[in-house]
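What's in entry23.cif: mmCIF, C-alpha atoms
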```cif
data_run
#
loop_
_atom_site.label_atom_id
_atom_site.label_comp_id
_atom_site.auth_asym_id
_atom_site.auth_seq_id
_atom_site.Cartn_x
_atom_site.Cartn_y
_atom_site.Cartn_z
CA VAL N 710 18.23 -5.05 237.50
CA LEU N 711 20.19 -7.65 235.62
CA ASP N 712 23.30 -6.80 233.64
CA LYS N 713 23.79 -9.52 231.08
CA GLU N 714 26.41 -8.94 228.40
CA THR N 715 27.06 -12.55 227.43
CA GLU N 716 23.49 -13.69 227.63
CA SER N 717 22.09 -16.33 225.33
CA LYS N 718 19.10 -16.04 223.05
CA ILE N 719 15.81 -16.05 224.90
CA LYS N 720 12.92 -17.67 223.08
CA ILE N 721 9.27 -17.00 223.94
CA TYR N 722 6.51 -19.17 222.50
CA ILE N 723 3.14 -20.62 223.39
CA LYS N 724 1.97 -24.21 223.45
CA LYS N 725 -1.15 -26.10 224.40
CA ALA N 726 -1.06 -27.77 227.77
CA LYS N 727 -3.57 -30.14 229.37
CA PHE N 728 -7.27 -29.57 228.72
CA ASN N 729 -6.56 -27.25 225.76
CA LYS N 730 -5.11 -24.57 228.03
CA VAL N 731 -2.47 -22.23 226.60
CA VAL N 732 0.87 -21.72 228.33
CA THR N 733 3.70 -19.32 227.46
CA ILE N 734 7.21 -20.81 227.53
CA VAL N 735 10.27 -18.61 228.13
CA GLU N 736 13.50 -20.49 227.31
CA GLY N 737 17.14 -19.52 227.51
CA ILE N 738 17.41 -17.80 230.90
CA SER N 739 20.41 -18.89 232.95
CA ASN N 740 19.75 -21.05 236.01
CA ASP N 741 21.21 -18.34 238.26
CA ASP N 742 18.44 -15.91 237.30
CA ILE N 743 15.57 -18.23 236.46
CA GLU N 744 13.82 -18.14 239.86
CA ARG N 745 13.99 -14.35 240.19
CA THR N 746 12.93 -13.84 236.56
CA ALA N 747 10.01 -16.25 236.92
CA LYS N 748 8.81 -14.39 240.02
CA SER N 749 9.02 -11.04 238.24
CA LEU N 750 7.12 -12.35 235.22
CA LYS N 751 4.38 -13.94 237.32
CA ARG N 752 3.98 -10.87 239.52
CA THR N 753 3.94 -8.36 236.65
CA LEU N 754 1.70 -10.41 234.35
CA ALA N 755 -0.60 -11.48 237.22
CA CYS N 756 -0.56 -15.12 236.20
CA GLY N 757 0.46 -18.45 237.63
CA GLY N 758 3.46 -20.37 236.44
CA THR N 759 6.54 -22.37 237.29
CA TYR N 760 10.15 -22.83 236.27
CA LYS N 761 11.86 -26.15 235.66
CA ASP N 762 14.49 -27.77 233.44
CA GLY N 763 15.83 -24.40 232.28
CA TYR N 764 12.58 -22.83 231.16
CA ILE N 765 9.74 -20.76 232.63
CA GLU N 766 6.12 -21.74 232.04
CA LEU N 767 3.42 -19.08 232.46
CA GLN N 768 -0.30 -19.75 232.40
CA GLY N 769 -2.03 -18.01 229.48
CA ASP N 770 -0.84 -16.26 226.32
CA HIS N 771 1.69 -13.62 227.41
CA LYS N 772 4.13 -13.63 224.49
CA LEU N 773 4.28 -9.88 223.85
CA ASP N 774 3.87 -8.83 227.48
CA ALA N 775 6.57 -11.25 228.65
CA LYS N 776 9.04 -9.65 226.25
CA LYS N 777 8.25 -6.17 227.64
CA VAL N 778 8.75 -7.42 231.20
CA LEU N 779 12.07 -9.10 230.34
CA ILE N 780 13.32 -5.86 228.76
CA SER N 781 12.19 -3.84 231.79
CA ILE N 782 14.18 -6.07 234.18
CA GLY N 783 17.35 -5.76 232.17
CA TYR N 784 17.42 -8.29 229.34
CA LYS N 785 18.41 -6.98 225.92
CA ASP N 786 15.71 -6.58 223.26
CA SER N 787 18.04 -8.02 220.59
CA ASN N 788 18.41 -11.27 222.57
CA ILE N 789 14.68 -11.93 222.89
CA GLU N 790 12.92 -13.78 220.10
CA ILE N 791 9.18 -14.40 219.90
CA ALA N 792 8.29 -17.55 217.99
#
```

Whole structure given in structure tokens:
Amino acid sequence: VLDKETESKIKIYIKKAKFNKVVTIVEGISNDDIERTAKSLKRTLACGGTYKDGYIELQGDHKLDAKKVLISIGYKDSNIEIA
């Protein structure tokens, strides 16, 4: 469980990737936690994905579910914004 008091705003949004596929982007997670958070999101949401350049990319539309997962692993609801 993460304990983040000084955490930045986390932004969750979707965009179209190659071949009209939808991907969910999670931005604003610190580089120290990004690998562990990406693994948790992929495992819980049962989807593929990657992390790079300070953001996590998940295959499919997981905006609402990703927020629930982030809250469950210790991120604050007030710091998570869905665009």

Carefully work through the PyMOL selection byres ((chain N and resi 746) around 12) for this structure and note down the residues it includes, as a PDB file with C-alpha atoms, in the frame of the given file.
```pdb
ATOM      1  CA  VAL N 710      18.230  -5.050 237.500  1.00  0.00           C
ATOM      2  CA  LEU N 711      20.190  -7.650 235.620  1.00  0.00           C
ATOM      3  CA  VAL N 735      10.270 -18.610 228.130  1.00  0.00           C
ATOM      4  CA  GLU N 736      13.500 -20.490 227.310  1.00  0.00           C
ATOM      5  CA  GLY N 737      17.140 -19.520 227.510  1.00  0.00           C
ATOM      6  CA  ILE N 738      17.410 -17.800 230.900  1.00  0.00           C
ATOM      7  CA  SER N 739      20.410 -18.890 232.950  1.00  0.00           C
ATOM      8  CA  ASN N 740      19.750 -21.050 236.010  1.00  0.00           C
ATOM      9  CA  ASP N 741      21.210 -18.340 238.260  1.00  0.00           C
ATOM     10  CA  ASP N 742      18.440 -15.910 237.300  1.00  0.00           C
ATOM     11  CA  ILE N 743      15.570 -18.230 236.460  1.00  0.00           C
ATOM     12  CA  GLU N 744      13.820 -18.140 239.860  1.00  0.00           C
ATOM     13  CA  ARG N 745      13.990 -14.350 240.190  1.00  0.00           C
ATOM     14  CA  ALA N 747      10.010 -16.250 236.920  1.00  0.00           C
ATOM     15  CA  LYS N 748       8.810 -14.390 240.020  1.00  0.00           C
ATOM     16  CA  SER N 749       9.020 -11.040 238.240  1.00  0.00           C
ATOM     17  CA  LEU N 750       7.120 -12.350 235.220  1.00  0.00           C
ATOM     18  CA  LYS N 751       4.380 -13.940 237.320  1.00  0.00           C
ATOM     19  CA  ARG N 752       3.980 -10.870 239.520  1.00  0.00           C
ATOM     20  CA  THR N 753       3.940  -8.360 236.650  1.00  0.00           C
ATOM     21  CA  LEU N 754       1.700 -10.410 234.350  1.00  0.00           C
ATOM     22  CA  GLY N 758       3.460 -20.370 236.440  1.00  0.00           C
ATOM     23  CA  THR N 759       6.540 -22.370 237.290  1.00  0.00           C
ATOM     24  CA  TYR N 760      10.150 -22.830 236.270  1.00  0.00           C
ATOM     25  CA  GLY N 763      15.830 -24.400 232.280  1.00  0.00           C
ATOM     26  CA  TYR N 764      12.580 -22.830 231.160  1.00  0.00           C
ATOM     27  CA  ILE N 765       9.740 -20.760 232.630  1.00  0.00           C
ATOM     28  CA  GLU N 766       6.120 -21.740 232.040  1.00  0.00           C
ATOM     29  CA  LEU N 767       3.420 -19.080 232.460  1.00  0.00           C
ATOM     30  CA  ALA N 775       6.570 -11.250 228.650  1.00  0.00           C
ATOM     31  CA  LYS N 776       9.040  -9.650 226.250  1.00  0.00           C
ATOM     32  CA  VAL N 778       8.750  -7.420 231.200  1.00  0.00           C
ATOM     33  CA  LEU N 779      12.070  -9.100 230.340  1.00  0.00           C
ATOM     34  CA  ILE N 780      13.320  -5.860 228.760  1.00  0.00           C
ATOM     35  CA  SER N 781      12.190  -3.840 231.790  1.00  0.00           C
ATOM     36  CA  ILE N 782      14.180  -6.070 234.180  1.00  0.00           C
ATOM     37  CA  GLY N 783      17.350  -5.760 232.170  1.00  0.00           C
ATOM     38  CA  TYR N 784      17.420  -8.290 229.340  1.00  0.00           C
TER      39      TYR N 784
END
```

Listed atoms of range 777-784 of chain N, axis-aligned box, 3 Å per side: centre and edge lengths to one decimal in Å, as AutoDock Vina command-line options?
```
--center_x 12.8 --center_y -6.5 --center_z 230.9 --size_x 15.2 --size_y 11.3 --size_z 12.5
```

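Nearest to Tyr722 in chain N of all the residues N:Leu773, N:Cys756, N:Ile734, N:Lys761 is N:Ile734, based on all atoms listed in the file.
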
**Interatomic distance, CA of Lys772 in chain N to CA of Glu790 in chain N (Å, one decimal)** = 9.8 Å

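This file, queried with the PyMOL selection byres ((chain N and resi 788) around 7), gives the residues Ser717, Lys718, Ile719, Lys785, Asp786, Ser787, Ile789 and Glu790 of chain N.
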
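Within the 6 Å cut-off around Val732 in chain N, using only C-alpha atoms and omitting residues fewer than 6 positions from it on the same chain, the listed residues are Ile723, Lys724, Leu767, Gln768 and Gly769 of chain N.
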